[in-house]
$ cat query-v4.tsv   # TSV, C-alpha atoms
chain	number	residue	atom	x	y	z
G	1	MET	CA	-31.29	81.35	29.12
G	2	SER	CA	-31.86	77.60	28.78
G	3	ARG	CA	-30.63	75.87	25.64
G	4	LEU	CA	-32.83	73.92	23.24
G	5	ASP	CA	-32.37	70.16	23.31
G	6	GLU	CA	-33.27	67.75	20.50
G	7	LEU	CA	-36.78	67.09	21.86
G	8	ALA	CA	-37.48	70.82	22.08
G	9	VAL	CA	-36.33	71.31	18.48
G	10	ILE	CA	-38.65	68.55	17.26
G	11	GLU	CA	-41.54	69.89	19.33
G	12	ARG	CA	-41.16	73.36	17.88
G	13	LEU	CA	-40.93	72.10	14.30
G	14	THR	CA	-43.97	69.83	14.62
G	15	ARG	CA	-46.11	72.25	16.60
G	16	SER	CA	-47.79	73.65	13.50
G	17	LEU	CA	-46.56	71.54	10.57
G	18	SER	CA	-48.90	68.79	9.39
G	19	LEU	CA	-47.92	65.38	10.75
G	20	GLY	CA	-48.31	61.97	9.13
G	21	ARG	CA	-51.92	60.88	8.59
G	22	SER	CA	-53.92	58.55	6.39
G	23	GLY	CA	-51.88	55.38	6.58
G	24	LEU	CA	-48.52	57.05	7.23
G	25	TRP	CA	-46.65	56.40	10.43
G	26	SER	CA	-45.90	59.82	11.84
G	27	VAL	CA	-43.16	61.63	13.72
G	28	GLY	CA	-42.37	59.83	16.96
G	29	ASP	CA	-42.06	56.32	15.57
G	30	ASP	CA	-38.70	54.75	14.65
G	31	GLY	CA	-39.49	54.97	10.97
G	32	ALA	CA	-42.09	56.05	8.43
G	33	LEU	CA	-44.16	53.63	6.36
G	34	LEU	CA	-45.08	54.80	2.88
G	35	ALA	CA	-47.05	53.16	0.09
G	36	ALA	CA	-44.35	52.99	-2.57
G	37	GLN	CA	-46.55	52.78	-5.66
G	38	ASP	CA	-46.32	55.83	-7.93
G	39	ARG	CA	-44.15	57.76	-5.46
G	40	LEU	CA	-41.46	60.25	-6.39
G	41	VAL	CA	-38.59	61.09	-4.05
G	42	VAL	CA	-36.22	64.06	-4.21
G	43	THR	CA	-33.68	65.33	-1.69
G	44	ASP	CA	-32.10	68.76	-1.48
G	45	ALA	CA	-29.79	70.34	1.07
G	46	MET	CA	-29.00	73.92	2.01
G	47	VAL	CA	-25.73	74.82	3.73
G	48	GLU	CA	-25.36	78.12	5.55
G	49	GLY	CA	-22.83	80.30	3.76
G	50	ARG	CA	-23.15	78.26	0.58
G	51	HIS	CA	-26.87	78.21	-0.28
G	52	PHE	CA	-28.12	80.93	2.06
G	53	ASP	CA	-26.72	83.92	3.89
G	54	LEU	CA	-28.47	85.18	7.00
G	55	ARG	CA	-27.36	88.71	6.16
G	56	TRP	CA	-29.76	88.64	3.20
G	57	SER	CA	-32.46	86.15	4.25
G	58	SER	CA	-34.35	85.52	7.47
G	59	TRP	CA	-34.72	82.07	9.02
G	60	SER	CA	-38.32	82.19	7.83
G	61	ASP	CA	-37.11	82.77	4.26
G	62	VAL	CA	-34.71	79.82	4.62
G	63	GLY	CA	-37.49	77.48	5.76
G	64	PHE	CA	-39.69	78.54	2.85
G	65	LYS	CA	-36.92	78.16	0.28
G	66	LEU	CA	-35.84	74.74	1.56
G	67	LEU	CA	-39.24	73.30	0.67
G	68	ALA	CA	-39.59	75.37	-2.52
G	69	ARG	CA	-36.38	73.89	-3.95
G	70	ASN	CA	-37.68	70.36	-3.49
G	71	VAL	CA	-41.19	71.18	-4.71
G	72	SER	CA	-39.64	72.53	-7.91
G	73	ASP	CA	-38.01	69.13	-8.58
G	74	ILE	CA	-41.25	67.23	-7.92
G	75	PHE	CA	-43.15	69.55	-10.27
G	76	ALA	CA	-40.51	69.08	-12.98
G	77	MET	CA	-41.30	65.35	-12.99
G	78	GLY	CA	-45.03	65.96	-13.21
G	79	GLY	CA	-45.80	65.13	-9.58
G	80	ARG	CA	-47.38	66.66	-6.50
G	81	PRO	CA	-45.73	66.79	-3.05
G	82	THR	CA	-47.23	64.56	-0.35
G	83	ALA	CA	-44.79	64.01	2.54
G	84	MET	CA	-41.38	65.10	3.76
G	85	LEU	CA	-38.45	64.06	5.95
G	86	LEU	CA	-36.43	66.85	7.55
G	87	THR	CA	-32.86	66.50	8.81
G	88	LEU	CA	-31.28	69.46	10.57
G	89	ALA	CA	-27.68	69.98	11.69
G	90	LEU	CA	-27.98	73.21	13.67
G	91	PRO	CA	-25.47	75.39	15.52
G	92	GLY	CA	-25.62	74.83	19.24
G	93	ASP	CA	-26.26	78.52	19.89
G	94	LEU	CA	-29.29	78.78	17.57
G	95	SER	CA	-32.03	80.72	19.33
G	96	ALA	CA	-35.57	79.51	19.89
G	97	ALA	CA	-36.80	82.55	17.94
G	98	ALA	CA	-34.70	81.55	14.92
G	99	LEU	CA	-36.01	77.99	15.03
G	100	ASP	CA	-39.60	79.20	15.32
G	101	ALA	CA	-39.06	81.49	12.32
G	102	PHE	CA	-37.62	78.59	10.29
G	103	ALA	CA	-40.65	76.44	11.16
G	104	GLU	CA	-43.00	79.31	10.24
G	105	GLY	CA	-41.39	79.64	6.82
G	106	LEU	CA	-41.54	75.89	6.23
G	107	GLU	CA	-45.19	75.84	7.33
G	108	ALA	CA	-46.04	78.73	4.98
G	109	ALA	CA	-44.43	76.91	2.06
G	110	ALA	CA	-46.23	73.68	2.94
G	111	ALA	CA	-49.57	75.50	3.04
G	112	HIS	CA	-48.81	77.04	-0.35
G	113	TRP	CA	-48.14	73.67	-1.98
G	114	GLY	CA	-50.84	71.35	-0.70
G	115	ASN	CA	-49.61	70.70	2.86
G	116	PRO	CA	-47.19	67.79	2.41
G	117	VAL	CA	-47.02	66.06	5.79
G	118	LEU	CA	-43.90	65.95	7.93
G	119	ILE	CA	-43.28	62.26	8.72
G	120	GLY	CA	-39.90	62.33	10.41
G	121	GLY	CA	-36.21	63.10	10.05
G	122	ASP	CA	-33.33	63.80	12.40
G	123	THR	CA	-31.70	66.63	14.32
G	124	THR	CA	-28.17	67.15	15.54
G	125	SER	CA	-26.02	70.01	16.78
G	126	VAL	CA	-22.86	71.19	15.01
G	127	ASP	CA	-20.09	73.63	15.80
G	128	GLY	CA	-20.05	75.00	12.26
G	129	PRO	CA	-22.69	76.36	9.88
G	130	ALA	CA	-26.22	74.96	9.67
G	131	VAL	CA	-26.90	72.13	7.22
G	132	LEU	CA	-30.58	71.63	6.32
G	133	THR	CA	-31.68	68.57	4.34
G	134	LEU	CA	-35.22	67.90	3.17
G	135	THR	CA	-36.40	64.74	1.43
G	136	LEU	CA	-39.72	65.28	-0.33
G	137	PHE	CA	-42.06	62.53	-1.47
G	138	GLY	CA	-44.55	63.11	-4.23
G	139	LYS	CA	-47.25	61.34	-6.15
G	140	ARG	CA	-46.73	61.10	-9.89
G	141	GLY	CA	-49.20	62.69	-12.27
G	142	SER	CA	-50.78	61.27	-15.40
G	143	ARG	CA	-47.29	60.50	-16.72
G	144	LEU	CA	-43.76	60.64	-15.44
G	145	LEU	CA	-41.51	63.25	-17.03
G	146	ALA	CA	-37.76	62.80	-17.29
G	147	ARG	CA	-34.88	64.77	-18.78
G	148	SER	CA	-34.25	62.11	-21.40
G	149	GLY	CA	-37.35	62.37	-23.62
G	150	GLY	CA	-36.38	65.39	-25.68
G	151	ARG	CA	-36.12	65.12	-29.47
G	152	ALA	CA	-34.14	67.09	-32.01
G	153	GLY	CA	-36.38	69.87	-33.27
G	154	ASP	CA	-38.25	70.28	-30.00
G	155	ARG	CA	-38.58	73.86	-28.85
G	156	LEU	CA	-37.41	74.78	-25.35
G	157	TRP	CA	-39.93	76.60	-23.14
G	158	VAL	CA	-39.91	78.07	-19.62
G	159	ASP	CA	-42.81	78.90	-17.33
G	160	GLY	CA	-41.29	81.99	-15.72
G	161	PRO	CA	-38.70	84.76	-16.05
G	162	LEU	CA	-34.98	84.06	-15.88
G	163	GLY	CA	-32.37	85.96	-13.88
G	164	LEU	CA	-34.61	87.61	-11.27
G	165	ALA	CA	-33.19	85.63	-8.34
G	166	ALA	CA	-29.59	86.35	-9.38
G	167	ALA	CA	-30.45	90.02	-9.70
G	168	GLY	CA	-32.12	89.94	-6.29
G	169	LEU	CA	-28.99	88.50	-4.69
G	170	ALA	CA	-26.83	91.15	-6.37
G	171	LEU	CA	-29.14	93.89	-5.03
G	172	LEU	CA	-29.01	92.45	-1.51
G	173	GLU	CA	-25.22	92.25	-1.61
G	174	SER	CA	-24.97	95.86	-2.78
G	175	GLY	CA	-27.56	97.14	-0.30
G	176	GLU	CA	-29.87	98.27	-3.12
G	177	LEU	CA	-32.77	95.92	-2.43
G	178	HIS	CA	-35.20	98.85	-2.71
G	179	ARG	CA	-34.61	98.90	-6.48
G	180	SER	CA	-36.64	95.75	-7.12
G	181	GLU	CA	-38.81	94.05	-4.50
G	182	VAL	CA	-39.76	91.47	-7.13
G	183	ALA	CA	-36.14	90.42	-7.72
G	184	VAL	CA	-35.37	90.28	-3.99
G	185	ALA	CA	-38.46	88.15	-3.38
G	186	ALA	CA	-37.45	85.82	-6.22
G	187	HIS	CA	-34.17	85.16	-4.41
G	188	ARG	CA	-35.60	84.83	-0.92
G	189	ARG	CA	-38.84	82.95	-1.64
G	190	PRO	CA	-39.02	81.28	-5.05
G	191	SER	CA	-42.45	80.10	-6.16
G	192	PRO	CA	-42.30	77.13	-8.55
G	193	LYS	CA	-45.48	76.23	-10.42
G	194	PRO	CA	-46.93	72.76	-11.08
G	195	LEU	CA	-47.29	71.47	-14.61
G	196	LEU	CA	-50.88	71.75	-15.81
G	197	PRO	CA	-52.49	68.92	-17.83
G	198	GLY	CA	-51.83	70.63	-21.16
G	199	ALA	CA	-48.14	70.95	-20.41
G	200	MET	CA	-48.02	67.34	-19.21
G	201	ARG	CA	-49.43	66.18	-22.53
G	202	ALA	CA	-47.19	68.40	-24.66
G	203	ALA	CA	-43.85	67.89	-22.93
G	204	HIS	CA	-41.30	65.35	-24.15
G	205	ALA	CA	-38.83	66.20	-21.35
G	206	CYS	CA	-38.57	68.56	-18.39
G	207	ILE	CA	-36.02	69.82	-15.88
G	208	ASP	CA	-36.18	72.52	-13.23
G	209	ILE	CA	-33.77	75.42	-13.68
G	210	SER	CA	-31.92	75.80	-10.41
G	211	ASP	CA	-28.28	75.99	-11.50
G	212	GLY	CA	-28.67	78.31	-14.49
G	213	LEU	CA	-30.32	78.01	-17.90
G	214	LEU	CA	-27.17	76.97	-19.77
G	215	LEU	CA	-26.14	74.26	-17.33
G	216	ASP	CA	-29.62	72.80	-16.85
G	217	ALA	CA	-30.45	72.96	-20.56
G	218	SER	CA	-27.22	71.07	-21.23
G	219	ARG	CA	-28.30	68.36	-18.76
G	220	LEU	CA	-31.63	67.93	-20.51
G	221	ALA	CA	-30.03	67.98	-23.96
G	222	ARG	CA	-27.31	65.50	-23.01
G	223	ALA	CA	-29.81	63.11	-21.42
G	224	SER	CA	-31.90	63.33	-24.61
G	225	GLY	CA	-28.92	62.76	-26.91
G	226	CYS	CA	-29.16	66.25	-28.39
G	227	GLY	CA	-27.43	69.58	-28.56
G	228	PHE	CA	-29.21	72.86	-27.94
G	229	VAL	CA	-29.50	76.52	-28.88
G	230	VAL	CA	-30.83	79.23	-26.55
G	231	SER	CA	-31.74	82.80	-27.45
G	232	ASP	CA	-30.00	85.84	-26.01
G	233	GLN	CA	-33.43	87.54	-25.75
G	234	LEU	CA	-34.84	85.72	-22.73
G	235	PRO	CA	-38.00	86.08	-20.59
G	236	GLY	CA	-37.44	88.54	-17.75
G	237	ARG	CA	-35.00	90.68	-19.73
G	238	GLU	CA	-37.28	93.74	-19.73
G	239	GLN	CA	-37.68	93.47	-15.93
G	240	LEU	CA	-33.91	93.50	-15.48
G	241	LEU	CA	-32.80	96.19	-17.93
G	242	HIS	CA	-33.33	99.02	-15.46
G	243	LEU	CA	-31.21	97.26	-12.82
G	244	VAL	CA	-27.93	96.99	-14.71
G	245	SER	CA	-26.17	98.93	-17.46
G	246	ASP	CA	-23.70	96.15	-18.26
G	247	SER	CA	-25.17	93.79	-20.85
G	248	ALA	CA	-22.66	91.09	-19.89
G	249	ALA	CA	-23.90	91.13	-16.29
G	250	LEU	CA	-27.50	90.95	-17.48
G	251	SER	CA	-26.70	87.94	-19.67
G	252	ALA	CA	-24.88	86.26	-16.78
G	253	TRP	CA	-27.92	86.66	-14.51
G	254	GLN	CA	-30.18	85.09	-17.10
G	255	LEU	CA	-27.92	82.37	-18.49
G	256	THR	CA	-25.92	81.19	-15.49
G	257	GLY	CA	-27.30	82.92	-12.39
G	258	GLY	CA	-29.33	80.02	-11.01
G	259	ASP	CA	-32.01	79.89	-8.30
G	260	ASP	CA	-34.77	80.54	-10.86
G	261	TYR	CA	-36.81	77.42	-10.00
G	262	VAL	CA	-38.81	77.54	-13.22
G	263	ARG	CA	-39.44	74.55	-15.45
G	264	LEU	CA	-37.62	74.06	-18.75
G	265	VAL	CA	-39.68	71.87	-21.10
G	266	ALA	CA	-38.81	70.32	-24.46
G	267	ALA	CA	-41.97	70.21	-26.58
G	268	PRO	CA	-42.75	70.55	-30.30
G	269	ALA	CA	-45.37	73.24	-29.64
G	270	SER	CA	-46.32	75.57	-26.82
G	271	PRO	CA	-47.18	73.71	-23.59
G	272	GLY	CA	-49.91	76.27	-22.90
G	273	ARG	CA	-50.59	79.76	-21.59
G	274	GLY	CA	-47.70	81.37	-19.76
G	275	TRP	CA	-44.97	79.31	-21.43
G	276	MET	CA	-42.27	81.28	-23.23
G	277	PRO	CA	-39.81	80.03	-25.89
G	278	VAL	CA	-36.09	80.18	-25.09
G	279	GLY	CA	-34.47	77.92	-27.68
G	280	ARG	CA	-34.51	74.49	-29.30
G	281	LEU	CA	-32.90	71.04	-29.22
G	282	THR	CA	-30.65	70.12	-32.14
G	283	ALA	CA	-29.54	66.86	-33.71
G	284	ASP	CA	-25.89	67.91	-33.58
G	285	ALA	CA	-24.10	68.01	-30.25
G	286	GLY	CA	-23.04	71.42	-29.01
G	287	CYS	CA	-24.25	74.39	-27.00
G	288	PHE	CA	-24.97	77.68	-28.73
G	289	ILE	CA	-26.44	81.09	-28.03
G	290	GLU	CA	-28.46	82.64	-30.86
G	291	ARG	CA	-27.94	86.36	-31.22
G	292	GLU	CA	-30.74	88.72	-32.19
G	293	ASP	CA	-29.46	88.76	-35.80
G	294	GLY	CA	-29.73	84.95	-36.02
G	295	THR	CA	-26.02	84.13	-35.80
G	296	LEU	CA	-24.84	81.46	-33.36
G	297	ARG	CA	-22.08	81.63	-30.75
G	298	ALA	CA	-20.69	78.42	-29.26
G	299	VAL	CA	-20.56	78.44	-25.44
G	300	VAL	CA	-19.50	76.23	-22.57
G	301	PRO	CA	-22.61	75.44	-20.48
G	302	ALA	CA	-21.63	77.25	-17.28
G	303	GLY	CA	-23.74	77.65	-14.16
G	304	TYR	CA	-23.74	76.90	-10.44
G	305	LEU	CA	-21.69	73.73	-10.03
G	306	HIS	CA	-20.17	72.44	-6.79
G	307	ARG	CA	-16.47	71.57	-6.92
G	308	PHE	CA	-14.90	68.75	-4.91
G	309	GLY	CA	-11.16	68.23	-4.49
G	310	ARG	CA	-8.95	67.51	-7.48
G	311	ALA	CA	-9.60	65.41	-10.57
$ encode --input "query-v4.tsv" --output "structure tokens"
Amino acid sequence: MSRLDELAVIERLTRSLSLGRSGLWSVGDDGALLAAQDRLVVTDAMVEGRHFDLRWSSWSDVGFKLLARNVSDIFAMGGRPTAMLLTLALPGDLSAAALDAFAEGLEAAAAHWGNPVLIGGDTTSVDGPAVLTLTLFGKRGSRLLARSGGRAGDRLWVDGPLGLAAAGLALLESGELHRSEVAVAAHRRPSPKPLLPGAMRAAHACIDISDGLLLDASRLARASGCGFVVSDQLPGREQLLHLVSDSAALSAWQLTGGDDYVRLVAAPASPGRGWMPVGRLTADAGCFIEREDGTLRAVVPAGYLHRFGRA
């Protein structure tokens, strides 16, 4: 069987994905020319064995999730995706079928979120695990949202359930994926939602929850010069109760599990239909969980955090 070279990889990836149009230099040139005005740029990487496991996800799932992660960041800033750069470091023995499946998943995600065009990138072979890096460009909306605009007294709201993706991963690892197709799908193919005009007007600050509610809420609060309180009765709890008998495990899924890809907004009132309250920003620094009886418990804002070497 012949091996794929770099040109064959590029040809397979660009066979069905939208290429640069409308004033953008496309794949095949030495660079890409973009109109810089009102553009947003985010970059995210996925490393095999760290961010995805091919025992639990297909290459198609991986392609879909790679774009979904970046789309979630663009949405959190109030933008819409427009173009992307794709850099792939792939094992030399990767099959053509696996590459086609990856491209299919990426194409499906692109079609779901407005068909951002593929304008270039790079490919290389590696002896170790795959490293997939996508840089996504977006156009800003009516205003640009940051993490730093929150105010003490703002309520904290999310636009989706928390903990489903962590539960889905746990089910895949235990071989019990039949217990919740919804949770498994949340892990394999997250589906972030754009901010609608009402939410754009209401929000003081926004962040996407990818590393866990506690950790990402702490990032928003710190950037806004605030502390925060979150409830222990969180959206998605009812969907998860039948999957675990250990309340500590349930709380861990919802508070620190990560991979939720929902938006966390600081706003004085509801940002609109579908938004659910999870807590509030406070004038005093500190991170607290509010129990059902109203008492507060101080916590360290844990979540998914990469570690590098020694301090």
$ residues_around --input "query-v4.tsv" --residues "Gly272 (chain G)" --least-positions-apart "4" --cutoff "12 Å" --atoms "all atoms listed in the file" --output "list in words"
Trp157, Val158, Asp159, Leu195, Leu196, Pro197, Gly198, Ala199, Met200, Arg201, Ala202, Ala203, Val265, Ala267, Pro268, Met276 and Pro277 of chain G
$ closest_residue --input "query-v4.tsv" --among "G:Ala98, G:Met46, G:Val300, G:Ala269" --to "Gly286 (chain G)" --atoms "all atoms listed in the file"
G:Val300
$ atom_distance --input "query-v4.tsv" --atom1 "CA of Gly258 (chain G)" --atom2 "CA of Gly175 (chain G)"
20.3 Å
$ closest_atom_pairs --input "query-v4.tsv" --of "region 95-126 of chain G" --to "region 57-69 of chain G" --cutoff "10 Å" --atoms "only C-alpha atoms" --output "Markdown table"
| residue | atom | partner | partner_atom | distance |
| --- | --- | --- | --- | --- |
| G:Ala97 | CA | G:Trp59 | CA | 9.2 |
| G:Ala98 | CA | G:Trp59 | CA | 5.9 |
| G:Leu99 | CA | G:Trp59 | CA | 7.4 |
| G:Asp100 | CA | G:Ser60 | CA | 8.2 |
| G:Ala101 | CA | G:Ser60 | CA | 4.6 |
| G:Phe102 | CA | G:Ser60 | CA | 4.4 |
| G:Ala103 | CA | G:Gly63 | CA | 6.3 |
| G:Glu104 | CA | G:Ser60 | CA | 6.0 |
| G:Gly105 | CA | G:Ser60 | CA | 4.1 |
| G:Leu106 | CA | G:Gly63 | CA | 4.4 |
| G:Glu107 | CA | G:Phe64 | CA | 7.6 |
| G:Ala108 | CA | G:Phe64 | CA | 6.7 |
| G:Ala109 | CA | G:Phe64 | CA | 5.1 |
| G:Ala110 | CA | G:Leu67 | CA | 7.4 |
| G:His112 | CA | G:Ala68 | CA | 9.6 |
| G:Trp113 | CA | G:Ala68 | CA | 8.7 |
| G:Pro116 | CA | G:Leu67 | CA | 9.8 |
$ closest_residue --input "query-v4.tsv" --among "G:Leu234, G:Val262, G:Leu40, G:Val117" --to "Leu250 (chain G)" --atoms "only C-alpha atoms"
G:Leu234
$ closest_residue --input "query-v4.tsv" --among "G:Thr87, G:Ser72, G:Thr256, G:Thr282" --to "Ala130 (chain G)" --atoms "all atoms listed in the file"
G:Thr87
$ atom_distance --input "query-v4.tsv" --atom1 "CA of Gly227 (chain G)" --atom2 "CA of Tyr261 (chain G)"
22.2 Å
$ closest_residue --input "query-v4.tsv" --among "G:Leu171, G:Leu213, G:Cys206, G:Val244" --to "Pro271 (chain G)" --atoms "only C-alpha atoms"
G:Cys206
